[in-house]
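Working notes for the structure below.
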Amino acid sequence: MLNQIKNNPHFPYLCTSKTNPMLELNYIRENAAEVAARLAIKNIDAAASLQKIIDIDARRREAQKQLDDNLAESNAIARQVGDLFKSGKAAEAGELKARTAELKILAKDLAESLDNLTVEQNNLLVLLPNVPHPSVPKGKTPEDNEIVHSEGEMPKLYEGAVPHWDLASKYDIIDFELGNKVTGAGFPFYKGQGARLQRALINFFLDNAVEAGYREIQPPLVVNEASGYGTGQLPDKDGQMYFCEVDKLYLIPTAEVPITNIYRDVIVKAADFPIKNAAYSNCFRREAGSYGKDVRGLNRLHQFDKVEIVQIQHPDNSYQTLEEMREYVAGLLRKLELPFRVLKLCGGDMSFTSSLTYDFEVYSAAQQRWLEVSSVSNFESFQANRMKLRFKDESGKTRLCHTLNGSALALPRIVASLLENNQTADGIRMPAALVKYTGFEMIK
RNA sequence: GGAGAGAUGGCCGAGUGGUCGAAGGCGCACGCCUGGAAAGUGUGUAUAUGCCAAAAGCGUAUCAUGGGUUCGAAUCCCAUUCUCUCCGCCA
């Protein structure tokens with residue numbers, strides 16, 4: 001991991017003395033044992049690293065104090081010299097100048113060692129993932145995730161039922177070959193009723209989000225480096241994003257990045273909580289290292305469509321909000337009549353940035369597989385700390401907000417299960433809630 | 001792509017070397033005034049960090065970013081980034 005960071009072309013940017021790390025330093029300093037224990041749930045042994053961070057911190061603060069004292073003296077002298085000049089005592093001023101010269105040399109050293117210590121400390125901090133919520137189960141693989149909810153009836157398929165990639169060509173609604181020709185694997189064309197179904201789902205999801213109180217946003221699809229860092233994609237997932245070298249811009253892997261970064265360096269009003277934004281966007285993911293049945297058909301694409309919901313909340317209310325968002329996503333799947341289950345991710349399967357994550361999986365009957373269609377997470381103050389997203393609390397104190405987001409929903413796997421689960425000998429039936437959006441009841 | 005102008009606090013906007021963290025205005029908060037409101041009026045209103053158990057207080061840094069000149073920089077010099085205007089190109 002450290003090498004990964006060191007070889008990262010963004011290393012200089014990420015690890016300056018001004019980099020705001022992930023976990024709050026004060027929190028680490030006062031709760032090192034607890035942080036270590038909780039990171040262990042993510043299978044990370046951080047004890048040594050934490051101790052090092054705390055040691056460096058003591059030295060850093062000492063250096064800061066020395067530097068500040070030095071500068072204070074310089075400033076005092078400068079004021080005196082000014083006064084002396086004004087009252088025509090140039091000779092006395094000359095003596096004082098000599099002292100500032102000394103101080104200046106010293107200050108340079110002090111500033112340098114302060115900077116070095118800060119960089120060293122940030123290099124360690126930047127590698128620490130977010131601490132998981134106490135309820136997160138220990139575990140290493142997706143098998144260790146906890147199924148917290150299941151709902152819906154398993155579809156009974158007719159005898160000629162086939163997986164969605166066969167349905168795609170049978171009805172000529174999604175063309176993977178054409179995508180290969182024009183772009184490459186993982187960039188399909190949607191055609192005719194397939195394209196219409198995409199548009200229908202996007203509108204359906206956005207209308208539902210707006211009805212639930214989210215503000216609709218159309219974000220840029222490319223972002224700068226600072227934004228990638230703010231939401232935690234950088235440096236952790238650098239290799240997973242498409243990068244435009246000439247302009248130093250990243251194609252977004254999710255609308256979460258531009259939407260949450262709206263609030264980078266912002267101090268919001270407590271009265272505005274909860275802040276709710278939703279956006280439809282294309283998402284671009286390189287998916288380096290994926291292969292096999294996971295990438296067949298719509299199961300994993302390089303470009304796909306997704307509606308994302310993002311909330312900014314008061315720290316006291318963020319877990320209640322997480323449950324609300326979870327219920328909201330469940331409601332969408334209910335309306336689409338898809339059988340689904342909800343998993344609470346185990347420590348080993350959680351993302352770098354998350355404190356608690358629920359994954360939603362729908363059952364895709366012809367493949368006989370569960371497909372992840374949504375991930376709803378509370379990041380607590382992790383992203384907020386990185387992007388300096390804060391609010392003023394009741395006593396006027398500036399504190400970090402909590403950020404949350406969730407897919408609501410990602411399209412391709414929804415389409416896969418809709419096609420597979422609803423196929424009949426006469427065509428593919430659309431769920432009732434979607435008909436006013438598609439304009440048709442059957443794909444034929 | 002060519003030429004020019006610019007970047008100051010939540011916003012507008014003054015400030016070309018000496019208590020400038022920064023005038024003035026707007027906004028905001030609280031108070032007075034009012035039956036209530038408006039108007040008027042008074043006070044307050046950045047962030048980070050260090051010392052301190054903490055508050056108070058004090059120190060330090062921050063006028064796009066990074067360097068430099070100087071005893072002293074928002075102010076002078078250099079580099080970078082970004083924004084705007086005009087021209088060209090173009091949906």
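Going by the structure tokens order, chains are called A, B, ..., each with residues numbered from 1, while ligands are numbered from 1 in the order shown.
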
Residues of chain A within 9 Å of chain B, counting only C-alpha atoms (C1' of nucleotides), what are they? List them as an mmCIF file with C-alpha atoms, in the first residue's frame.
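Listed below is the output, selection-v1.cif:
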data_model
loop_
_atom_site.group_PDB
_atom_site.id
_atom_site.type_symbol
_atom_site.label_atom_id
_atom_site.label_comp_id
_atom_site.auth_asym_id
_atom_site.auth_seq_id
_atom_site.Cartn_x
_atom_site.Cartn_y
_atom_site.Cartn_z
ATOM 1 C CA ARG A 61 3.821 20.285 17.964
ATOM 2 C CA GLU A 62 7.113 21.027 19.625
ATOM 3 C CA GLN A 64 5.478 24.336 15.738
ATOM 4 C CA LYS A 65 5.871 26.002 19.112
ATOM 5 C CA LEU A 67 8.748 28.227 15.101
ATOM 6 C CA ASP A 68 5.887 30.321 16.431
ATOM 7 C CA ASP A 69 8.054 31.742 19.191
ATOM 8 C CA LEU A 71 8.337 34.319 14.401
ATOM 9 C CA ALA A 72 6.809 36.180 17.318
ATOM 10 C CA SER A 74 10.868 38.599 14.571
ATOM 11 C CA ASN A 75 7.543 40.348 14.383
ATOM 12 C CA ILE A 77 11.603 43.386 16.256
ATOM 13 C CA ALA A 78 10.123 44.498 12.976
ATOM 14 C CA ARG A 79 7.699 46.687 14.888
ATOM 15 C CA GLN A 80 10.497 48.202 16.958
ATOM 16 C CA VAL A 81 12.604 48.881 13.900
ATOM 17 C CA GLY A 82 9.709 50.636 12.305
ATOM 18 C CA ASP A 83 9.309 52.883 15.328
ATOM 19 C CA ALA A 93 17.654 49.899 14.225
ATOM 20 C CA GLY A 94 20.778 48.508 12.635
ATOM 21 C CA LEU A 96 18.191 44.912 15.832
ATOM 22 C CA LYS A 97 18.471 43.964 12.198
ATOM 23 C CA ALA A 98 21.371 41.722 13.022
ATOM 24 C CA THR A 100 16.481 39.209 12.812
ATOM 25 C CA ALA A 101 19.020 37.811 10.414
#

What parts of region 108-333 of chain A does DSSP call strand (DSSP E or B)? I'd like the answer as a PyMOL selection string. chain A and resi 146-151+174-175+189-190+215-217+222-223+243-244+249-251+267-268+275-284+303-313

Picked from region 146-330 of chain A by DSSP as helix (DSSP H, G or I), as an NGL selection string: :A and (164-170 or 176-182 or 193-211 or 225-230 or 238-240 or 256-261 or 270-272 or 292-295 or 315-330)

Rounded to one decimal, what separation in Å do you get between CA of Tyr229 (chain A) and C1' of A7 (chain B)? 24.4 Å

Mind giving me the straight-line distance from CA of Ile252 (chain A) to CA of Ile275 (chain A) in Å, one decimal? 21.6 Å

Residue contacts of Glu323 (chain A) (12 Å, only C-alpha atoms (C1' of nucleotides)) excluding same-chain residues fewer than 6 positions away, as a ChimeraX atom specification: /A:317,329-330,342,344,356-358,376-378,404-406

I need the chosen residues saved as a PDB file, in the first residue's frame, with N, CA, C and O atoms.
ATOM      1  N   ASN A 317     -27.524  12.554  13.873  1.00  0.00           N
ATOM      2  CA  ASN A 317     -28.662  11.961  13.158  1.00  0.00           C
ATOM      3  C   ASN A 317     -28.276  11.081  11.989  1.00  0.00           C
ATOM      4  O   ASN A 317     -29.143  10.594  11.268  1.00  0.00           O
ATOM      5  N   VAL A 329     -34.412   2.918  -0.634  1.00  0.00           N
ATOM      6  CA  VAL A 329     -33.953   2.025  -1.710  1.00  0.00           C
ATOM      7  C   VAL A 329     -34.813   0.763  -1.760  1.00  0.00           C
ATOM      8  O   VAL A 329     -35.203   0.286  -2.835  1.00  0.00           O
ATOM      9  N   ALA A 330     -35.156   0.241  -0.587  1.00  0.00           N
ATOM     10  CA  ALA A 330     -36.014  -0.942  -0.535  1.00  0.00           C
ATOM     11  C   ALA A 330     -37.351  -0.667  -1.230  1.00  0.00           C
ATOM     12  O   ALA A 330     -37.875  -1.504  -1.965  1.00  0.00           O
ATOM     13  N   VAL A 342     -30.860  -7.542   1.746  1.00  0.00           N
ATOM     14  CA  VAL A 342     -29.987  -6.468   2.218  1.00  0.00           C
ATOM     15  C   VAL A 342     -28.879  -7.080   3.053  1.00  0.00           C
ATOM     16  O   VAL A 342     -29.143  -7.883   3.953  1.00  0.00           O
ATOM     17  N   LYS A 344     -25.482  -6.381   5.486  1.00  0.00           N
ATOM     18  CA  LYS A 344     -24.608  -5.459   6.199  1.00  0.00           C
ATOM     19  C   LYS A 344     -23.186  -5.962   5.954  1.00  0.00           C
ATOM     20  O   LYS A 344     -22.852  -7.094   6.315  1.00  0.00           O
ATOM     21  N   LEU A 356     -20.234   2.277   7.804  1.00  0.00           N
ATOM     22  CA  LEU A 356     -21.252   1.223   7.790  1.00  0.00           C
ATOM     23  C   LEU A 356     -21.892   1.210   6.409  1.00  0.00           C
ATOM     24  O   LEU A 356     -22.290   2.260   5.909  1.00  0.00           O
ATOM     25  N   THR A 357     -21.960   0.036   5.812  1.00  0.00           N
ATOM     26  CA  THR A 357     -22.505  -0.071   4.464  1.00  0.00           C
ATOM     27  C   THR A 357     -23.534  -1.181   4.375  1.00  0.00           C
ATOM     28  O   THR A 357     -23.299  -2.295   4.864  1.00  0.00           O
ATOM     29  N   TYR A 358     -24.667  -0.852   3.770  1.00  0.00           N
ATOM     30  CA  TYR A 358     -25.651  -1.865   3.390  1.00  0.00           C
ATOM     31  C   TYR A 358     -25.578  -2.070   1.892  1.00  0.00           C
ATOM     32  O   TYR A 358     -25.626  -1.100   1.135  1.00  0.00           O
ATOM     33  N   VAL A 376     -25.412   1.471   0.216  1.00  0.00           N
ATOM     34  CA  VAL A 376     -25.809   2.652   0.978  1.00  0.00           C
ATOM     35  C   VAL A 376     -24.873   2.770   2.175  1.00  0.00           C
ATOM     36  O   VAL A 376     -24.771   1.840   2.971  1.00  0.00           O
ATOM     37  N   SER A 377     -24.190   3.905   2.269  1.00  0.00           N
ATOM     38  CA  SER A 377     -23.132   4.010   3.278  1.00  0.00           C
ATOM     39  C   SER A 377     -23.211   5.287   4.098  1.00  0.00           C
ATOM     40  O   SER A 377     -23.627   6.335   3.606  1.00  0.00           O
ATOM     41  N   ASN A 378     -22.772   5.153   5.334  1.00  0.00           N
ATOM     42  CA  ASN A 378     -22.508   6.324   6.167  1.00  0.00           C
ATOM     43  C   ASN A 378     -20.993   6.461   6.291  1.00  0.00           C
ATOM     44  O   ASN A 378     -20.322   5.534   6.719  1.00  0.00           O
ATOM     45  N   LEU A 404     -23.432  10.848   3.702  1.00  0.00           N
ATOM     46  CA  LEU A 404     -23.973   9.524   3.374  1.00  0.00           C
ATOM     47  C   LEU A 404     -24.332   9.497   1.900  1.00  0.00           C
ATOM     48  O   LEU A 404     -24.669  10.536   1.322  1.00  0.00           O
ATOM     49  N   ASN A 405     -24.276   8.325   1.320  1.00  0.00           N
ATOM     50  CA  ASN A 405     -24.800   8.222  -0.030  1.00  0.00           C
ATOM     51  C   ASN A 405     -25.252   6.806  -0.330  1.00  0.00           C
ATOM     52  O   ASN A 405     -24.954   5.874   0.418  1.00  0.00           O
ATOM     53  N   GLY A 406     -25.986   6.702  -1.431  1.00  0.00           N
ATOM     54  CA  GLY A 406     -26.464   5.388  -1.836  1.00  0.00           C
ATOM     55  C   GLY A 406     -26.869   5.393  -3.293  1.00  0.00           C
ATOM     56  O   GLY A 406     -27.241   6.424  -3.834  1.00  0.00           O
TER      57      GLY A 406
END

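The nearest approach to Ala48 (chain A) among the residues A:Leu336, A:Cys401, A:Leu128, A:Ala91, with only C-alpha atoms taken into account, belongs to A:Leu128.
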
Residue nearest U83 (chain B) - candidates B:U65, B:G31, B:G1, B:G6, atoms counted: only C-alpha atoms (C1' of nucleotides): B:G6

Excluding Ala432 (chain A) and its own-chain neighbours fewer than 4 positions away, which residues fall within 9 Å of it when counting only C-alpha atoms (C1' of nucleotides)? Please give them as JSON, numbers by chain. {"A": [335, 336, 337, 436, 441]}

Can those selected residues be exported to a file as a PDB file, in the first residue's frame so that it contains C-alpha atoms?
ATOM      1  CA  LYS A 335     -42.100  -0.948  -6.820  1.00  0.00           C
ATOM      2  CA  LEU A 336     -40.044  -2.754  -9.434  1.00  0.00           C
ATOM      3  CA  GLU A 337     -41.311  -6.082  -8.035  1.00  0.00           C
ATOM      4  CA  LYS A 436     -46.103   5.000 -17.596  1.00  0.00           C
ATOM      5  CA  GLU A 441     -46.135  -3.215 -21.100  1.00  0.00           C
TER       6      GLU A 441
END

Taking only C-alpha atoms into account, name the residue in A:Thr183, A:Asn123, A:Asn26, A:Gln66 that is nearest to Ser49 (chain A). A:Asn123
